[in-house]
Amino acid sequence: MDRTYYLFTSGKLKRDDNTLQLIASDGTKKSIPIETVYDIYNFADITVNSDLLEFLGSKGVNLHFFNYYQFYSGSFYAREKLVSGDLLIHQVEYYINEQKRANIARKFVKGAGENILHNLKYYNNRGRNFEKQICSIKELIIKLDVYNNVYEIMGIEGNIRKIYYSCWNGIVNQEIDFVKRVKRPPDNMINTLISFLNSVFYTKVLTEIYKTQLNPTVSYLHEPSTKRFSLSLDVSEIFKPLIIDRLIFNLLNKNIITEKDFKDEDSFLRMKDSSVKKIMQSIDDYLMTTIYHRTLKQNVSYRHLIRLELYKIIKHLVGDKEYDPFKIWW
């Protein structure tokens, strides 16, 4: 089975025949058969050379970099093999047409909003009393149909998230004191977890996009720009309530992650390396969770749900079938 590799030990990553070899700073060596590698995440001071990058590119393996403060730095994105000029033309067409772009952007936000509602209803049914917030989010989702401007649609998305985050103190069993979302830099345990896991999930979606013919730089909800794969941000919004938010609730409510897993560094709350390892293992395990797919009539993993969503977007862009965003059905 293909798997993700995480590098936490400083040293050099190089090609050794048809394997990857990690030579740690202390001289120890570890070989990694390239056939088992899905993608690589680097959290250490790793040296690479052009021969390695060429090797990874030929095998379709992406390499993602995170800096000392656990911020996502960037990716070595392997040369695309599943290219389609025809699909790229359709992607751009839907971007430059304001109405078509707004229609897709609206669907992304509706999907995210419905999945957020599903989470809140789950906890509301267990005595958390989120009726007011649920009603407010439902009203905002209805308002989406009024707007044909992407920036107004993004504003609705932001308001939905703001209401949703206001419920987190009632969802998480630990004392988190989560007042508002702060990104740069995250100022507490919750904001650090959200920022870190969102950036990791961004790269997970990017890897799935790489397995399709979609161009990751052409997006609809988020504005395309240099130095980012903005389509990954679009698709991430739909799945974050299912994968990232639920994972955070699980990590905290089961005390797998607590305040002891963080340390203050220059007014910045940083996760301990051991905590990062626990979290990365948890997200991989979560992505491999399976659910019975009513249309395919078989079990599929959460990771495969992302790929299926991308295929649905492709069908919409080429005119085969109207896009209906993923909504949690279980």
# chains A, B, ... in the order shown; residues from 1 in each chain; ligands from 1

call {"tool": "closest_atom_pairs", "arguments": {"of": "region 108-175 of chain A", "to": "region 255-262 of chain A", "cutoff": "12 Å", "atoms": "only C-alpha atoms", "output": "CSV"}}
result
residue,atom,partner,partner_atom,distance
A:Val172,CA,A:Asn255,CA,10.1
A:Asn173,CA,A:Asn255,CA,8.9
A:Gln174,CA,A:Thr258,CA,8.0
A:Glu175,CA,A:Glu259,CA,9.5

call {"tool": "write_last_selection", "arguments": {"atoms": "N, CA and C atoms", "output": "PDB file, in the first residue's frame"}}
result
ATOM      1  N   VAL A 172     -15.376  21.200  22.599  1.00  0.00           N
ATOM      2  CA  VAL A 172     -14.139  20.634  23.144  1.00  0.00           C
ATOM      3  C   VAL A 172     -14.221  20.548  24.657  1.00  0.00           C
ATOM      4  N   ASN A 173     -13.859  19.398  25.196  1.00  0.00           N
ATOM      5  CA  ASN A 173     -13.955  19.177  26.645  1.00  0.00           C
ATOM      6  C   ASN A 173     -12.861  19.889  27.427  1.00  0.00           C
ATOM      7  N   GLN A 174     -11.733  20.185  26.767  1.00  0.00           N
ATOM      8  CA  GLN A 174     -10.653  20.887  27.458  1.00  0.00           C
ATOM      9  C   GLN A 174     -10.961  22.385  27.562  1.00  0.00           C
ATOM     10  N   GLU A 175     -10.253  23.056  28.480  1.00  0.00           N
ATOM     11  CA  GLU A 175     -10.387  24.511  28.624  1.00  0.00           C
ATOM     12  C   GLU A 175      -9.537  25.168  27.544  1.00  0.00           C
TER      13      GLU A 175
END

call {"tool": "select_by_dssp", "arguments": {"residues": "region 209-306 of chain A", "states": "strand (DSSP E)", "output": "VMD selection string"}}
result
chain A and resid 262 to 265 268 to 271 290 to 293 298 to 301

call {"tool": "closest_residue", "arguments": {"among": "A:Tyr220, A:Leu120, A:Pro325, A:Pro33", "to": "Lys132 (chain A)", "atoms": "only C-alpha atoms"}}
result
A:Leu120

call {"tool": "closest_residue", "arguments": {"among": "A:Asn18, A:Val179, A:Glu54, A:Lys240", "to": "Val37 (chain A)", "atoms": "only C-alpha atoms"}}
result
A:Asn18

call {"tool": "residues_around", "arguments": {"residues": "Thr47 (chain A)", "least_positions_apart": "6", "cutoff": "9 Å", "atoms": "only C-alpha atoms", "output": "VMD selection string"}}
result
chain A and resid 10 to 14

call {"tool": "residues_around", "arguments": {"residues": "Ile40 (chain A)", "least_positions_apart": "3", "cutoff": "12 Å", "atoms": "only C-alpha atoms", "output": "PyMOL selection string"}}
result
chain A and resi 2-8+13+20+32+34+36-37+43-44+46+53+56+60-66+75-78+200+203-204+207+280

call {"tool": "select_by_dssp", "arguments": {"residues": "region 107-232 of chain A", "states": "alpha helix (DSSP H)", "output": "ChimeraX atom specification"}}
result
/A:107-123,131-143,150-165,168-171,189-210,230-232

call {"tool": "write_last_selection", "arguments": {"atoms": "C-alpha atoms", "output": "compact mmCIF listing (two decimals), in the first residue's frame"}}
result
# COMPACT_ATOMS: atom_id res chain seq x y z
CA LYS A 107 -21.31 25.41 -4.38
CA PHE A 108 -18.02 25.11 -2.49
CA VAL A 109 -19.34 27.33 0.31
CA LYS A 110 -22.71 25.55 0.39
CA GLY A 111 -20.98 22.20 0.70
CA ALA A 112 -18.75 23.49 3.49
CA GLY A 113 -21.71 25.12 5.24
CA GLU A 114 -23.84 21.96 5.11
CA ASN A 115 -20.97 19.90 6.51
CA ILE A 116 -20.45 22.43 9.29
CA LEU A 117 -24.16 22.19 10.09
CA HIS A 118 -23.85 18.42 10.24
CA ASN A 119 -21.13 18.73 12.89
CA LEU A 120 -23.13 21.21 14.94
CA LYS A 121 -26.30 19.09 14.75
CA TYR A 122 -24.33 16.10 16.00
CA TYR A 123 -23.28 17.95 19.15
CA GLU A 131 -29.95 25.79 17.99
CA LYS A 132 -29.33 29.53 17.60
CA GLN A 133 -26.05 29.06 15.73
CA ILE A 134 -27.58 26.37 13.51
CA CYS A 135 -30.43 28.70 12.51
CA SER A 136 -28.00 31.53 11.78
CA ILE A 137 -25.84 29.35 9.54
CA LYS A 138 -28.91 28.03 7.70
CA GLU A 139 -29.94 31.63 6.98
CA LEU A 140 -26.48 32.45 5.65
CA ILE A 141 -26.52 29.41 3.35
CA ILE A 142 -29.88 30.55 1.94
CA LYS A 143 -28.44 34.04 1.36
CA VAL A 150 -17.15 35.90 -5.40
CA TYR A 151 -15.98 38.34 -2.74
CA GLU A 152 -19.48 38.52 -1.24
CA ILE A 153 -19.65 34.72 -1.31
CA MET A 154 -16.32 34.56 0.52
CA GLY A 155 -17.76 36.99 3.07
CA ILE A 156 -20.64 34.60 3.72
CA GLU A 157 -18.17 31.76 4.12
CA GLY A 158 -16.24 33.81 6.67
CA ASN A 159 -19.40 34.57 8.65
CA ILE A 160 -20.39 30.89 8.68
CA ARG A 161 -16.98 29.95 10.04
CA LYS A 162 -17.13 32.72 12.66
CA ILE A 163 -20.42 31.39 14.02
CA TYR A 164 -19.11 27.82 13.86
CA TYR A 165 -15.94 28.68 15.76
CA TRP A 168 -15.98 25.21 19.75
CA ASN A 169 -15.67 26.05 23.43
CA GLY A 170 -18.84 24.01 23.89
CA ILE A 171 -17.63 21.11 21.72
CA MET A 189 -3.48 25.82 21.21
CA ILE A 190 -6.61 25.75 19.04
CA ASN A 191 -5.36 28.32 16.53
CA THR A 192 -2.04 26.50 16.27
CA LEU A 193 -3.79 23.18 15.60
CA ILE A 194 -6.15 24.70 13.04
CA SER A 195 -3.36 26.51 11.17
CA PHE A 196 -1.11 23.47 11.13
CA LEU A 197 -3.73 20.91 10.13
CA ASN A 198 -5.28 23.20 7.52
CA SER A 199 -1.90 23.61 5.84
CA VAL A 200 -1.24 19.87 5.99
CA PHE A 201 -4.65 19.14 4.53
CA TYR A 202 -4.01 21.68 1.76
CA THR A 203 -1.08 19.52 0.66
CA LYS A 204 -3.13 16.32 0.99
CA VAL A 205 -5.70 17.74 -1.42
CA LEU A 206 -2.90 18.95 -3.69
CA THR A 207 -1.58 15.39 -3.94
CA GLU A 208 -5.05 14.18 -4.96
CA ILE A 209 -5.33 16.93 -7.58
CA TYR A 210 -1.99 15.77 -8.95
CA SER A 230 -5.41 27.76 -4.99
CA LEU A 231 -7.73 25.02 -6.27
CA SER A 232 -6.51 22.97 -3.32

call {"tool": "atom_distance", "arguments": {"atom1": "CA of Thr217 (chain A)", "atom2": "CA of Gln99 (chain A)"}}
result
19.5 Å

call {"tool": "closest_residue", "arguments": {"among": "A:Leu214, A:Leu144, A:Lys29, A:Thr9", "to": "Lys81 (chain A)", "atoms": "only C-alpha atoms"}}
result
A:Leu214

call {"tool": "residues_around", "arguments": {"residues": "Lys100 (chain A)", "least_positions_apart": "2", "cutoff": "12 Å", "atoms": "only C-alpha atoms", "output": "list in words"}}
result
His90, Gln91, Val92, Glu93, Tyr94, Tyr95, Ile96, Asn97, Glu98, Ala102, Asn103, Ile104, Ala105, Arg106, Lys107, Asn148, Asn149, Val150, Ser219, Tyr220, Leu221, His316, Leu317, Gly319, Glu322 and Tyr323 of chain A

call {"tool": "write_last_selection", "arguments": {"atoms": "N, CA and C atoms", "output": "CSV table (one decimal), in the first residue's frame"}}
result
chain,number,residue,atom,x,y,z
A,90,HIS,N,-11.3,24.6,-20.3
A,90,HIS,CA,-12.6,24.7,-19.6
A,90,HIS,C,-12.4,25.3,-18.2
A,91,GLN,N,-11.3,24.9,-17.5
A,91,GLN,CA,-11.0,25.5,-16.2
A,91,GLN,C,-10.9,27.0,-16.3
A,92,VAL,N,-10.2,27.5,-17.2
A,92,VAL,CA,-10.0,28.9,-17.4
A,92,VAL,C,-11.3,29.6,-17.8
A,93,GLU,N,-12.0,29.0,-18.7
A,93,GLU,CA,-13.3,29.5,-19.1
A,93,GLU,C,-14.2,29.8,-18.0
A,94,TYR,N,-14.3,28.8,-17.0
A,94,TYR,CA,-15.2,29.0,-15.9
A,94,TYR,C,-14.6,30.0,-14.9
A,95,TYR,N,-13.3,30.3,-15.0
A,95,TYR,CA,-12.8,31.3,-14.1
A,95,TYR,C,-13.1,32.7,-14.6
A,96,ILE,N,-12.9,32.9,-15.9
A,96,ILE,CA,-13.0,34.3,-16.5
A,96,ILE,C,-14.5,34.7,-16.7
A,97,ASN,N,-15.4,33.7,-16.7
A,97,ASN,CA,-16.8,34.0,-16.8
A,97,ASN,C,-17.3,34.2,-15.3
A,98,GLU,N,-17.6,35.4,-15.0
A,98,GLU,CA,-18.0,35.8,-13.6
A,98,GLU,C,-19.1,34.9,-13.0
A,102,ALA,N,-18.8,32.3,-10.0
A,102,ALA,CA,-19.5,32.5,-8.8
A,102,ALA,C,-20.4,31.2,-8.5
A,103,ASN,N,-20.9,30.6,-9.6
A,103,ASN,CA,-21.7,29.4,-9.4
A,103,ASN,C,-20.9,28.3,-8.7
A,104,ILE,N,-19.7,28.1,-9.2
A,104,ILE,CA,-18.9,27.0,-8.5
A,104,ILE,C,-18.5,27.4,-7.1
A,105,ALA,N,-18.0,28.7,-7.0
A,105,ALA,CA,-17.6,29.2,-5.6
A,105,ALA,C,-18.8,29.0,-4.6
A,106,ARG,N,-20.0,29.3,-5.1
A,106,ARG,CA,-21.2,29.2,-4.2
A,106,ARG,C,-21.4,27.7,-3.8
A,107,LYS,N,-21.1,26.8,-4.7
A,107,LYS,CA,-21.3,25.4,-4.4
A,107,LYS,C,-20.3,25.0,-3.3
A,148,ASN,N,-23.8,37.0,-6.6
A,148,ASN,CA,-23.1,36.5,-7.8
A,148,ASN,C,-21.7,37.1,-7.8
A,149,ASN,N,-21.3,37.6,-6.7
A,149,ASN,CA,-19.9,38.2,-6.6
A,149,ASN,C,-19.1,37.3,-5.7
A,150,VAL,N,-18.0,36.9,-6.1
A,150,VAL,CA,-17.2,35.9,-5.4
A,150,VAL,C,-16.7,36.5,-4.0
A,219,SER,N,-8.5,28.4,-9.8
A,219,SER,CA,-9.5,28.2,-8.7
A,219,SER,C,-10.7,29.1,-8.9
A,220,TYR,N,-11.7,29.0,-8.0
A,220,TYR,CA,-12.9,29.7,-8.2
A,220,TYR,C,-13.3,30.5,-6.9
A,221,LEU,N,-13.3,29.9,-5.8
A,221,LEU,CA,-13.6,30.6,-4.5
A,221,LEU,C,-12.4,31.5,-4.1
A,316,HIS,N,-18.3,18.6,-14.3
A,316,HIS,CA,-19.0,19.9,-14.3
A,316,HIS,C,-18.4,20.8,-15.4
A,317,LEU,N,-17.0,20.9,-15.3
A,317,LEU,CA,-16.3,21.8,-16.2
A,317,LEU,C,-16.5,21.4,-17.7
A,319,GLY,N,-19.0,19.9,-18.9
A,319,GLY,CA,-20.4,19.9,-19.3
A,319,GLY,C,-21.1,18.5,-19.2
A,322,GLU,N,-23.9,18.5,-13.8
A,322,GLU,CA,-23.9,19.6,-12.9
A,322,GLU,C,-23.2,19.2,-11.5
A,323,TYR,N,-22.3,20.0,-11.1
A,323,TYR,CA,-21.6,19.7,-9.8
A,323,TYR,C,-22.5,19.8,-8.6

call {"tool": "decode", "arguments": {"residues": "region 98-119 of chain A", "atoms": "C-alpha atoms", "output": "compact mmCIF listing (two decimals), in the first residue's frame"}}
result
# COMPACT_ATOMS: atom_id res chain seq x y z
CA GLU A 98 -17.98 35.77 -13.58
CA GLN A 99 -21.33 33.97 -13.42
CA LYS A 100 -19.83 30.51 -13.94
CA ARG A 101 -17.08 31.21 -11.42
CA ALA A 102 -19.54 32.47 -8.82
CA ASN A 103 -21.72 29.40 -9.36
CA ILE A 104 -18.86 27.01 -8.53
CA ALA A 105 -17.64 29.18 -5.64
CA ARG A 106 -21.16 29.20 -4.21
CA LYS A 107 -21.31 25.41 -4.38
CA PHE A 108 -18.02 25.11 -2.49
CA VAL A 109 -19.34 27.33 0.31
CA LYS A 110 -22.71 25.55 0.39
CA GLY A 111 -20.98 22.20 0.70
CA ALA A 112 -18.75 23.49 3.49
CA GLY A 113 -21.71 25.12 5.24
CA GLU A 114 -23.84 21.96 5.11
CA ASN A 115 -20.97 19.90 6.51
CA ILE A 116 -20.45 22.43 9.29
CA LEU A 117 -24.16 22.19 10.09
CA HIS A 118 -23.85 18.42 10.24
CA ASN A 119 -21.13 18.73 12.89
